[in-house]
Each structure stands twice: as structure tokens, then as C-alpha cells.
Amino acid sequence: MFKYYGKYVPYLFLLPAAVILLVFFFIPFFQTVWLSFFDYSSSIYIPNPAGLDNYIKLFHSPIFYKVMWNTFLYLFIAVPILAIFPLFIAILINQKIRGVTLYKILIYLPVIVSIVVAAIAFKWLYADQGILNYIVTKFGFQPIGWLTDPNWALLSVVIVTIWKGIGYYMIIYLAALMSVPKELYEACDIDGASFLRKHLTVTIPHIMPTIALVTTISAISAMKVFAEIYVMTKGGPLNSSKTIVYYIYERAFENLDLGYASAMAVVLLIIVMIFSLINIFCFERKKYDL
Amino acid sequence: MICKDIMNKVKFNKIATHAILIFVSLLSVFPFIWLISTSLKGNSENIFAYPPTIIPQDFTFANYTGVWDKVDFIGYFINSMIVAGGTVFLNLILSAMAGYPLARMQFKGKHFAFFSILATIMIPFQAIMLPVYLITLKLHLVDNYGEIAGFTGLILPFAVSAFGIFLMRQAFLGIPKEMEEAAIVDGCNVWQLFWKVLLPMVKPSLAVLAIFTFIGSWGEFLWPSIVLTKESMYTLPVGVNNLQGMFSSNWRFIAAGSILSTIPILIFFLCMQRYFISGENEGAVKG
């Protein structure tokens with residue numbers, strides 16, 4: 001194609017986006033790493049160079065290990081459920097049945113509602129004398145301190161994340177299911193294969209890349225969870241529901257321990273970058289023409 | 001006989017499918033239903049009653065009028081509209097402008113630009129929020145410096161995203177080159193070409209970008225809760241979270257306020273539902 005634009009035009013078009021990305025992504029990125037080498041604990045205005053002290057402190061801190069444990073526990077509970085259950089729902093919806101649109105709207109509803117409202121709604125369900133404990137006692141168990149018992153708090157928060165994610169991943173799976181050739185299902189029906197067999201032998205192998213994609217993106221968003229915890233438990237009781245982003249927030253904006261918070265942010269950066277690289281290079285190559 | 005067996009099996013499968021889907025749908029909406037139920041219960045009804053009653057016995061709208069009088073929902077709504085509107089507007093323009101040369105022009109550093117933008121996908125906001133806040137403070141873009149500064153500070157860090165740029169680049173790639181050639185031959189310069197010829201042709205992608213940016217911005221909680229100091233600047237999510245502090249254990253009011261705050265986005269969703277549930281725009285909401 002002939003060149004119809006001047007020498008500088010491409011750069012002028014890119015300039016506004018480049019400025020924003022530079023100021024609000026790249027500079028903060030390097031500044032996070034930079035800040036992690038300073039000690040702010042004595043004064044927020046005159047930081048001391050600290051070398052690797054923040055990292056050393058971090059890796060000797062029991063709370064940090066607790067927080068990382070919680071974060072990965074969060075991930076290991078949420079990710080498998082979010083990778084499998086929405087697929088099951090999508091398979092059910094992807095049939096010639098009535099009311100498909102209504103089901104989709106209702107199941108998608110939690111996705112669009114503000115996470116703050118969702119967390120408040122669940123906080124109400126989890127109330128000590130709330131409706132969930134009524135059901136629990138009806139089944140003959142002791143009432144559960146959903147958000148007040150250290151053994152339960154994390155699980156209670158994870159449930160909100162899962163509940164809010166199902167509709168989102170269901171739609172991703174529905175899109176993938178459309179690409180499975182119908183003839184294969186017809187062949188199964190003629191052979192009289194069962195529901196389970198049909199989907200294990202046809203559906204799952206066909207949409208394996210989507211399952212992998214959902215696994216990585218739900219893992220990335222589980223790493224970043226914040227609002228649920230902020231609204232429901234503030235990380236408590238006894239740090240039992242504190243995950244990494246909430247701890248960074250607390251350290252940075254409540255304790256003003258900028259260096260320590262930044263060291264933790266670097267840890268988060270590394271983990272999310274690993275997940276993202278897997279995601280981009282294994283599952284989303286086409287999207288980015290790589 | 002076999003035929004009848006198969007018919008029965010199909011029928012059973014359908015009933016089982018509906019049963020499961022109805023159950024999952026109920027689970028999805030139940031927390032809201034319970035919130036609505038609580039918000040409609042008057043003071044003479046025990047909201048902790050066992051067994052719980054879904055249908056309010058002492059039905060009243062008093063909690064709604066009560067919370068409406070004490071909380072400036074209209075203010076929160078307007079703030080949210082300004083922030084979401086500004087974010088959408090800037091995302092559309094900046095993403096389209098950046099996506100265009102990446103799709104259509106050859107220039108030095110194109111690969112560098114491409115991979116730099118791709119790299120931002122890997123940087124979670126949560127990990128860099130502290131420096132972003134420090135920079136926003138340095139630029140005087142917080143509400144202490146006035147409303148405009150406050151809104152700008154809420155909007156600018158999210159004014160463009162790699163997702164938007166790649167979406168628009170993809171859209172421009174789909175336009176036949178002859179369109180541009182014809183426009184050039186007719187004497188368009190590159191700005192006219194971009195604004196008058198190409199942008200109208202990528203309207204569907206702009207719509208998708210607008211809708212998903214809007215939803216993301218509307219629900220954003222972390223950033224506004226970091227930067228906002230004045231209650232008059234609160235967006236809806238921050239305002240709703242604040243209800244918990246205002247009405248500590250008055251769950252009737254908290255429930256009514258939460259439901260009120262959800263109405264606008266609910267209407268938006270129901271109007272635009274095909275964009276969300278058709279599956280054509282998979283993976284468009286930020287995680």
C-alpha cells in the first residue's frame with residue numbers, strides 16, 4: 001500500500017495513550033521496585049536506603065507466610081471450581097431448551113453487580129443469626145461463625161468470589177461450545193453414548209484450550225482479590241482471611257510502610273507476570289498475533 | 001417400545017436440566033432477594049426471626065425513604081456517571097488512536113510499541129497502586145485540590161488499557177485497504193480519514209469497548225477508596241461501603257441503600273444484555 005501519512009503521524013496517534021501508559025503503568029512499575037529498596041518505617045519523608053532489608057524482613061515474617069498461604073488457598077479453592085462448574089452449566093444451557101436467555105441473565109447478574117453490594121449481601125446471609133445459620137441449624141449442626149471464626153472466614157469470602165465469577169466464565173465457555181462440531185454429538189447420540197461419555201470424549205477435548213484459559217485468568221483474578229475482603233472481614237479474624245493485595249493495601253495506606261509494602265508488591269508482580277506469560281503465550285497468541 | 005424409552009429418557013433429561021438451571025439461577029439471585037426482603041421489612045418485624053420469612057410481614061418502603069433522606073444517592077450517582085463517562089470517553093478516543101497506527105501503518109519502533117502495550121497486561125494495578133497514588137498526589141489530582149482535580153485523578157489512571165488498544169487494532173485490521181485508498185484518492189488527509197472514514201466503520205467495536213469499560217469503571221472500588229477523602233466526591237461503590245459505617249447494625253437501611261445503588265446498573269445491564277450474554281465478546285470484562 002502506498003504511504004499516505006507523514007513521517008510523524010504514527011507517533012502522534014500513539015502519543016496520548018503512550019503518555020498515560022508511561023505515567024500510570026511503566027513509571028509506577030519501576031517505582032514499585034525502587035521503593036522496595038528503601039526503609040520508610042522511621043519516617044515517611046526521609047526514607048533510608050535499605051538494600052534487601054525489606055525482602056529479608058518479608059521472608060522472616062510469619063504474617064507474610066500466613067498471607068501467602070491464604071492467597072494460594074484462595075486460589076486453590078476458587079480456580080478448580082471456577083474452571084469446572086461454569087463449564088457444566090454452559091453445557092446444560094447449550095441445549096435446545098426453553099428459557100435459555102432468562103437463565104443466562106439470572107446467572108450473569110452477579111457479574112455486573114458491584115462487588116461491594118455483593119459482599120454486603122453475603123455479609124447479611126452470613127450474619128450470626130442470619131438465614132444461612134438457620135439452614136445450618138435446621139440440619140442439626142451448630143451455627144457457624146462464617147466471618148468471625150478463623151477456620152471459616154477465608155472460605156466464606158472465597159464463596160463470594162466464586163458466586164460472582166460463575167456467570168462470567170459460563171459465557172466464555174458458551175462461546176467455546178459453539179465451535180464444537182455438531183456432527184460429533186450426533187454421532188454420539190446414534191451410538192447411544194451417555195451424557196457424561198459424550199462430553200468427556202467430545203466436548204472436553206475440543207475446548208481444552210478454553211479450560212486452560214479460564215484456569216489462568218481465574219487464577220490471576222484470585223491473586224488480585226481485594227474488595228470482598230475489605231468489605232466483609234478486613235482480613236480478620238486473626239489474619240485468617242488476609243490475602244496479599246489486602247495486606248499490601250494495609251501496609252501501604254494504613255501503616256504507611258511504603259518500602260515493605262512495595263517489596264510485597266514485587267512478589268505479587270512476579271507471580272501475576274508468570275501467570276500472564278503462560279496465558280499470553282499459551283492461550284491468547286491469536287488475540288495478540290504472536 | 002425402544003422409541004418410547006428414548007422419548008422418556010429425553011423428557012427426563014430435559015426436566016433434570018431445567019431443575020439444575022433453576023437451582024443455579026436461584027442461587028445467583030438469592031442474596032439479592034434476601035436483601036430486598038430485608039429492606040422491605042418494617043421496624044415491628046424481627047429481621048433475625050427463625051424461621052426467616054422471605055415475604056415481609058410488616059411491609060414498608062420506610063427504609064428506602066429513610067436511607068434516601070440521609071444519604072446523597074443522587075450525588076454518588078452523578079459522581080459515578082462523571083467518572084465512568086469520562087473513563088469511557090477517553091478509552092474510546094485513546095484506544096482508537098493508538099490502535100490505528102498499530103494496525104495500518106509501518107513505522108520505526110512499531111514492535112517496541114506493540115510489546116510495551118502487551119506488557120502492561122501483565123502488570124496488575126494492585127501491585128503498582130502505591131506509586132500510582134504517589135504520582136497522582138504529585139500531579140495534584142486529588143479531591144483536596146477541587147472537584148475537577150479529584151475526578152481527573154479518578155479517571156486518568158484508567159484512561160486507556162491494552163485490552164482497548166488491541167480490540168481497536170483488531171477492528172482496524174478488518175477494514176479493507178481499498179477503503180483508505182479510495183479516501184486518499186478523493187483527497188482526504190490522514191485526520192479526516194481517521195475521523196470521518198475509519199472510525200464510523202469500527203462502531204461495533206467501539207460499542208463493545210464502551211460498554212465493558214463502563215461496567216468496569218462503574219464497579220471500581222479499590223482506586224476510589226484510596227484517593228477519595230471527601231464524602232461529596234464518593235462514587236456509588238464507595239458510598240455503599242460507607243453505609244456500613246453510617247448505619248452500623250441497621251440492616252434494613254443498609255439493605256435498602258445497597259438495592260437502591262444497584263438499580264442504575266441493573267437497568268443498564270437489562271438494556272445491553274445481548275452484549276454480555278451472547279458470547280461474542282468473551283473475556284471483555286476485566287478480571
# chains A, B, ... in the order shown; residues from 1 in each chain; ligands from 1
call {"tool": "interface_residues", "arguments": {"of": "chain B", "to": "chain A", "cutoff": "6 Å", "atoms": "only C-alpha atoms", "output": "list in words"}}
result
Ser25, Ser28, Pro31, Phe48, Leu94, Met97, Ala98, Pro101, Met122, Ala127, Ile128, Pro131, Val132, Pro157, Gly219, Pro237, Ser258, Gly279, Glu282 and Gly287 of chain B
call {"tool": "write_last_selection", "arguments": {"atoms": "C-alpha atoms", "output": "short mmCIF file (atom, residue, chain, number, x, y, z; two decimals), in the first residue's frame"}}
result
data_model
loop_
_atom_site.label_atom_id
_atom_site.label_comp_id
_atom_site.auth_asym_id
_atom_site.auth_seq_id
_atom_site.Cartn_x
_atom_site.Cartn_y
_atom_site.Cartn_z
CA SER B 25 -30.37 -19.30 38.89
CA SER B 28 -27.40 -16.49 41.76
CA PRO B 31 -28.57 -12.99 48.03
CA PHE B 48 -33.48 -12.15 62.64
CA LEU B 94 -7.13 6.89 23.06
CA MET B 97 -5.99 6.48 18.10
CA ALA B 98 -3.37 4.01 19.31
CA PRO B 101 -1.23 3.06 13.51
CA MET B 122 0.92 -8.35 32.89
CA ALA B 127 0.81 -4.21 42.56
CA ILE B 128 1.57 -0.66 41.41
CA PRO B 131 3.31 4.64 43.17
CA VAL B 132 0.22 5.44 41.11
CA PRO B 157 -5.03 6.05 35.55
CA GLY B 219 -17.90 -1.07 39.76
CA PRO B 237 -19.41 1.63 45.42
CA SER B 258 -27.49 -1.38 48.58
CA GLY B 279 -20.77 -14.82 23.98
CA GLU B 282 -15.93 -13.24 25.53
CA GLY B 287 -10.98 -9.70 35.81
#
call {"tool": "residues_around", "arguments": {"residues": "region 65-70 of chain A", "least_positions_apart": "3", "cutoff": "6 Å", "atoms": "only C-alpha atoms", "output": "ChimeraX atom specification"}}
result
/A:62,73-74,242-244
call {"tool": "select_by_dssp", "arguments": {"residues": "region 126-223 of chain B", "states": "alpha helix (DSSP H)", "output": "PyMOL selection string"}}
result
chain B and resi 126-138+147-155+162-173+177-185+190-192+199-201+203-219+222-223
call {"tool": "residues_around", "arguments": {"residues": "Ser37 (chain B)", "least_positions_apart": "2", "cutoff": "8 Å", "atoms": "only C-alpha atoms", "output": "list of chain:residue names"}}
result
B:Ile33, B:Trp34, B:Leu35, B:Ser39, B:Leu40, B:Lys41, B:Ile54, B:Ile55, B:Pro56
